[in-house]
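What follows is a set of notes on a single structure, which appears directly below.
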Amino acid sequence: MRASQNNMSRSGVYRSWYAMIARCTRPRNDKYKFYGGRGIKVCDRWLEFKNFYADMGDRPEGMSLDRINNDGNYEPGNCRWATDKQQKRNRSSNRRLTAFGETKTVPEWGEDARCSVPTSLVMQRVDKLKWDHEWAVSAPLGSRRTRPNDN
């Protein structure tokens with residue numbers, strides 16, 4: 001199936017597929033260094049648009065192609081249609097903290113009910129004060145101890 005035969009070449013899903021191929025396979029692409037240049041590949045099946053479309057379907061309005069594991073390849077099981085918010089939270093440059101047995105990005109901790117302080121303070125506690133993640137997230141404002149049992 002050629003994209004132009006079905007007028008798919010103008011669709012959002014085709015543009016997403018084309019951009020994926022370009023950033024992973026074309027060294028002249030301005031994003032190649034972040035994808036193909038660091039070893040991110042497109043699975044053989046998805047080198048053909050029809051297979052990509054069969055696996056991913058239409059791109060929902062307001063969403064874009066996202067790799068669940070940023071170090072993984074573009075392949076079934078590692079890709080999804082994601083919102084802008086999901087995309088931003090899934091960047092490899094995001095800091096992740098583990099507390100209460102869960103690993104989340106700093107902004108996700110900021111939305112968690114167990115986080116009692118602004119995320120900027122959480123990061124100050126972790127980076128400058130060397131607090132453990134759980135205490136950095138949950139200690140109330142004004143806390144000066146590094147851990148609950150410290151004096």
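Residue numbers start at 1 in each chain; chains themselves are named A, B, ... in the order of the structure tokens; ligands are numbered from 1 in the order shown.
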DSSP alpha helix (DSSP H) residues within stretch 46-147 of chain A, listed as a ChimeraX atom specification: /A:49-56,84-89,106-111,119-127,133-138
Quick one: write out the picked residues with N, CA and C atoms as an mmCIF file, in the first residue's frame?
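Just written: part-v1.cif:
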```
data_model
loop_
_atom_site.group_PDB
_atom_site.id
_atom_site.type_symbol
_atom_site.label_atom_id
_atom_site.label_comp_id
_atom_site.auth_asym_id
_atom_site.auth_seq_id
_atom_site.Cartn_x
_atom_site.Cartn_y
_atom_site.Cartn_z
ATOM 1 N N PHE A 49 5.274 1.900 5.784
ATOM 2 C CA PHE A 49 4.191 2.640 6.417
ATOM 3 C C PHE A 49 2.988 1.767 6.725
ATOM 4 N N LYS A 50 2.617 0.885 5.810
ATOM 5 C CA LYS A 50 1.408 0.075 6.021
ATOM 6 C C LYS A 50 1.495 -0.743 7.303
ATOM 7 N N ASN A 51 2.678 -1.238 7.631
ATOM 8 C CA ASN A 51 2.845 -2.025 8.856
ATOM 9 C C ASN A 51 2.773 -1.137 10.102
ATOM 10 N N PHE A 52 3.403 0.025 10.021
ATOM 11 C CA PHE A 52 3.328 0.983 11.122
ATOM 12 C C PHE A 52 1.868 1.352 11.382
ATOM 13 N N TYR A 53 1.144 1.644 10.313
ATOM 14 C CA TYR A 53 -0.259 2.035 10.432
ATOM 15 C C TYR A 53 -1.109 0.886 10.993
ATOM 16 N N ALA A 54 -0.835 -0.334 10.568
ATOM 17 C CA ALA A 54 -1.578 -1.492 11.079
ATOM 18 C C ALA A 54 -1.375 -1.649 12.583
ATOM 19 N N ASP A 55 -0.169 -1.348 13.061
ATOM 20 C CA ASP A 55 0.137 -1.513 14.483
ATOM 21 C C ASP A 55 -0.315 -0.331 15.334
ATOM 22 N N MET A 56 -0.169 0.880 14.813
ATOM 23 C CA MET A 56 -0.429 2.081 15.620
ATOM 24 C C MET A 56 -1.777 2.723 15.355
ATOM 25 N N ASP A 84 1.179 15.956 24.856
ATOM 26 C CA ASP A 84 2.372 16.778 25.044
ATOM 27 C C ASP A 84 2.896 16.635 26.474
ATOM 28 N N LYS A 85 1.997 16.589 27.422
ATOM 29 C CA LYS A 85 2.388 16.435 28.829
ATOM 30 C C LYS A 85 3.112 15.107 29.054
ATOM 31 N N GLN A 86 2.587 14.028 28.484
ATOM 32 C CA GLN A 86 3.239 12.728 28.592
ATOM 33 C C GLN A 86 4.616 12.755 27.938
ATOM 34 N N GLN A 87 4.699 13.392 26.772
ATOM 35 C CA GLN A 87 5.976 13.476 26.063
ATOM 36 C C GLN A 87 7.020 14.192 26.914
ATOM 37 N N LYS A 88 6.648 15.316 27.489
ATOM 38 C CA LYS A 88 7.592 16.090 28.295
ATOM 39 C C LYS A 88 8.053 15.312 29.523
ATOM 40 N N ARG A 89 7.176 14.534 30.083
ATOM 41 C CA ARG A 89 7.540 13.757 31.277
ATOM 42 C C ARG A 89 8.376 12.536 30.930
ATOM 43 N N VAL A 106 10.259 14.379 38.748
ATOM 44 C CA VAL A 106 10.052 15.412 39.762
ATOM 45 C C VAL A 106 8.687 16.091 39.591
ATOM 46 N N PRO A 107 8.285 16.472 38.366
ATOM 47 C CA PRO A 107 6.944 17.072 38.239
ATOM 48 C C PRO A 107 5.819 16.128 38.668
ATOM 49 N N GLU A 108 5.976 14.834 38.422
ATOM 50 C CA GLU A 108 4.955 13.879 38.876
ATOM 51 C C GLU A 108 4.898 13.833 40.399
ATOM 52 N N TRP A 109 6.050 13.896 41.063
ATOM 53 C CA TRP A 109 6.033 13.951 42.527
ATOM 54 C C TRP A 109 5.341 15.223 42.998
ATOM 55 N N GLY A 110 5.523 16.314 42.267
ATOM 56 C CA GLY A 110 4.874 17.567 42.639
ATOM 57 C C GLY A 110 3.359 17.485 42.641
ATOM 58 N N GLU A 111 2.809 16.565 41.869
ATOM 59 C CA GLU A 111 1.359 16.373 41.807
ATOM 60 C C GLU A 111 0.875 15.301 42.781
ATOM 61 N N THR A 119 8.423 21.499 44.090
ATOM 62 C CA THR A 119 9.441 20.617 43.505
ATOM 63 C C THR A 119 10.831 21.259 43.507
ATOM 64 N N SER A 120 10.905 22.574 43.446
ATOM 65 C CA SER A 120 12.230 23.222 43.500
ATOM 66 C C SER A 120 12.904 22.942 44.839
ATOM 67 N N LEU A 121 12.104 22.889 45.912
ATOM 68 C CA LEU A 121 12.656 22.578 47.231
ATOM 69 C C LEU A 121 13.027 21.100 47.327
ATOM 70 N N VAL A 122 12.235 20.249 46.713
ATOM 71 C CA VAL A 122 12.568 18.826 46.682
ATOM 72 C C VAL A 122 13.952 18.646 46.063
ATOM 73 N N MET A 123 14.198 19.300 44.935
ATOM 74 C CA MET A 123 15.484 19.149 44.258
ATOM 75 C C MET A 123 16.623 19.757 45.087
ATOM 76 N N GLN A 124 16.375 20.836 45.772
ATOM 77 C CA GLN A 124 17.398 21.425 46.641
ATOM 78 C C GLN A 124 17.737 20.442 47.773
ATOM 79 N N ARG A 125 16.716 19.824 48.329
ATOM 80 C CA ARG A 125 16.935 18.855 49.400
ATOM 81 C C ARG A 125 17.760 17.659 48.910
ATOM 82 N N VAL A 126 17.477 17.217 47.693
ATOM 83 C CA VAL A 126 18.192 16.055 47.151
ATOM 84 C C VAL A 126 19.614 16.438 46.736
ATOM 85 N N ASP A 127 19.746 17.511 45.959
ATOM 86 C CA ASP A 127 21.044 17.862 45.389
ATOM 87 C C ASP A 127 21.999 18.531 46.372
ATOM 88 N N HIS A 133 15.375 10.466 48.962
ATOM 89 C CA HIS A 133 14.232 10.906 48.142
ATOM 90 C C HIS A 133 12.917 10.943 48.906
ATOM 91 N N GLU A 134 12.654 9.913 49.664
ATOM 92 C CA GLU A 134 11.363 9.854 50.369
ATOM 93 C C GLU A 134 11.209 11.015 51.350
ATOM 94 N N TRP A 135 12.240 11.310 52.085
ATOM 95 C CA TRP A 135 12.169 12.396 53.059
ATOM 96 C C TRP A 135 12.142 13.740 52.340
ATOM 97 N N ALA A 136 12.878 13.870 51.240
ATOM 98 C CA ALA A 136 12.889 15.126 50.481
ATOM 99 C C ALA A 136 11.500 15.460 49.941
ATOM 100 N N VAL A 137 10.765 14.439 49.550
ATOM 101 C CA VAL A 137 9.424 14.624 48.998
ATOM 102 C C VAL A 137 8.395 14.904 50.090
ATOM 103 N N SER A 138 8.524 14.234 51.231
ATOM 104 C CA SER A 138 7.437 14.248 52.205
ATOM 105 C C SER A 138 7.637 15.151 53.422
#
```
Residue contacts of stretch 26-42 of chain A (8 Å, only C-alpha atoms) excluding same-chain residues fewer than 3 positions away, as a PyMOL selection string: chain A and resi 20-23+46-47+71-75
Residue with smallest distance to A:Arg144 - pool A:Leu129, A:Thr105, A:Val117, A:Gly12, counting only C-alpha atoms: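 The closest residue to A:Arg144 is A:Leu129.
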Strand (DSSP E) per DSSP on the backbone: members of stretch 35-150 of chain A, as a ChimeraX atom specification: /A:64-67,79-82,96-99,102-105
Stretch 58-61 of chain A surroundings by only C-alpha atoms, 9 Å radius, close-in-sequence under 2 positions cut, as a list in words: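 Once the adjacent positions are removed, what remains is Ser11, Gly12, Val13, Tyr14, Ser16, Tyr53, Met56, Met63, Ser64, Leu65, Trp81 and Ala82 of chain A.
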Generate a file of the selected residues that holds N, CA and C atoms, formatted as an mmCIF file, in the first residue's frame.
```cif
data_model
loop_
_atom_site.group_PDB
_atom_site.id
_atom_site.type_symbol
_atom_site.label_atom_id
_atom_site.label_comp_id
_atom_site.auth_asym_id
_atom_site.auth_seq_id
_atom_site.Cartn_x
_atom_site.Cartn_y
_atom_site.Cartn_z
ATOM 1 N N SER A 11 -1.919 12.703 6.054
ATOM 2 C CA SER A 11 -2.481 12.423 7.376
ATOM 3 C C SER A 11 -1.444 12.629 8.473
ATOM 4 N N GLY A 12 -1.925 12.828 9.684
ATOM 5 C CA GLY A 12 -1.048 12.986 10.828
ATOM 6 C C GLY A 12 -0.226 11.744 11.106
ATOM 7 N N VAL A 13 -0.829 10.562 10.939
ATOM 8 C CA VAL A 13 -0.103 9.325 11.200
ATOM 9 C C VAL A 13 1.036 9.146 10.202
ATOM 10 N N TYR A 14 0.822 9.519 8.947
ATOM 11 C CA TYR A 14 1.898 9.402 7.949
ATOM 12 C C TYR A 14 3.018 10.388 8.259
ATOM 13 N N SER A 16 3.869 11.527 11.153
ATOM 14 C CA SER A 16 4.595 10.994 12.314
ATOM 15 C C SER A 16 5.538 9.873 11.897
ATOM 16 N N TYR A 53 1.144 1.644 10.313
ATOM 17 C CA TYR A 53 -0.259 2.035 10.432
ATOM 18 C C TYR A 53 -1.109 0.886 10.993
ATOM 19 N N MET A 56 -0.169 0.880 14.813
ATOM 20 C CA MET A 56 -0.429 2.081 15.620
ATOM 21 C C MET A 56 -1.777 2.723 15.355
ATOM 22 N N MET A 63 -2.069 14.363 19.766
ATOM 23 C CA MET A 63 -1.080 13.419 20.269
ATOM 24 C C MET A 63 0.049 13.231 19.269
ATOM 25 N N SER A 64 1.155 12.694 19.768
ATOM 26 C CA SER A 64 2.306 12.446 18.911
ATOM 27 C C SER A 64 2.942 11.113 19.299
ATOM 28 N N LEU A 65 3.813 10.622 18.441
ATOM 29 C CA LEU A 65 4.459 9.335 18.648
ATOM 30 C C LEU A 65 5.482 9.431 19.770
ATOM 31 N N TRP A 81 0.738 6.617 21.303
ATOM 32 C CA TRP A 81 0.346 7.990 20.997
ATOM 33 C C TRP A 81 0.239 8.701 22.341
ATOM 34 N N ALA A 82 0.949 9.797 22.498
ATOM 35 C CA ALA A 82 1.030 10.464 23.797
ATOM 36 C C ALA A 82 0.671 11.938 23.681
#
```
d(atom CA of A:Leu141, atom CA of A:Cys115) in Å: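 Answer for the atom CA of A:Leu141 to atom CA of A:Cys115 separation: 10.6 Å.
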Counting only C-alpha atoms, the residue of A:Pro118, A:Asn78, A:Lys104, A:Arg10 that sits nearest A:Asp66: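 For A:Asp66, the nearest of the given residues is A:Asn78.
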Closest of A:Met8, A:Ala113, A:Ile68, A:Cys79 to A:Arg91 - atom-to-atom distances counting only C-alpha atoms: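 Selected residue with least distance to A:Arg91: A:Ile68.
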Counting only C-alpha atoms, the residue of A:Arg80, A:Thr103, A:Ser93, A:Tyr18 that sits nearest A:Glu48: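 Of all the options, A:Tyr18 lies closest to A:Glu48.
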Point-to-point distance from atom CA of A:Arg67 to atom CA of A:Thr98, Å rounded to tenths: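 Those two atoms sit 21.4 Å apart.
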